[in-house]
Structures are given as C-alpha cells and as structure tokens.
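As structure tokens, the structure follows; a few thoughts come after it.
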Amino acid sequence: MRLFRLIKIIFVVLRFGLDEFLLAHSRVRWLRQLLNGLLFMRNISEPRAVRLRCALENLGPIFVKFGQLLSRGVT
C-alpha cells in the first residue's frame, strides 16, 4: 500500500512539474534536462505556486494541510 502511495506522489510531482524544486541544485542539473526531454508533453506554463497548489489538492487533505502550514510560515 505504501509503495502505491509513493508511486502516486512521484507521478503527481512529475505531472505538475514540481521536480524543478528538487532538481534546482547544480549537481543534478543534467537530470533535470533529461526529465524535461522525456516529459516534454506536460504543461508547466502556469506559475509554480499554482502548480504546487494543484498538486497538493490532487494528493489529498493531508497534503492540503501541509500546504496551509507552509503558507503560514511565509507571512
């Protein structure tokens, strides 16, 4: 069951282009270019904040609460 949840999280991260948060470091820049080449069909034209919100909503209520916690730390 945990494996399926992990696969779903990875799928959502790649679907909404959130891998750019994880792959922003210069050491893994080559991996980012590889993923962008493989996943060229995805739409990442929306701002990062909108894509993050949509991804958290897609993952469920626990992740929505996590997003709310993150937003309270910003202010």
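Ordering of the structure tokens sets the chain letters (A, B, ...); residue numbers start at 1 within each chain; ligands are numbered from 1 in the order shown.
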
task: Excluding range 32-49 of chain A and any residue of its chain fewer than 2 positions from it, enumerate the residues within 10 Å of it, using only C-alpha atoms, and give them as a ChimeraX atom specification.
output: /A:14-26,28-30,51-55

- request: Quick one: pick out all helix (DSSP H, G or I) residues within chain A from a backbone DSSP run and write them as a VMD selection string.
  value: chain A and resid 2 to 15 19 to 22 26 to 38 48 to 59 61 to 74

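Closest approach to Leu56 in chain A among A:Arg72, A:Val13, A:Arg2, A:Ile7 is made by A:Val13 (distances from only C-alpha atoms).
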
Against range 57-69 of chain A, which residues of range 4-47 of chain A fall within 9 Å? For each one I want the closest pair of atoms and the distance in Å (one decimal), counting only C-alpha atoms, rows by chain and increasing residue number, as a tab-separated table.
residue	atom	partner	partner_atom	distance
A:Lys8	CA	A:Leu59	CA	8.1
A:Ile9	CA	A:Leu59	CA	7.1
A:Val12	CA	A:Leu59	CA	7.6
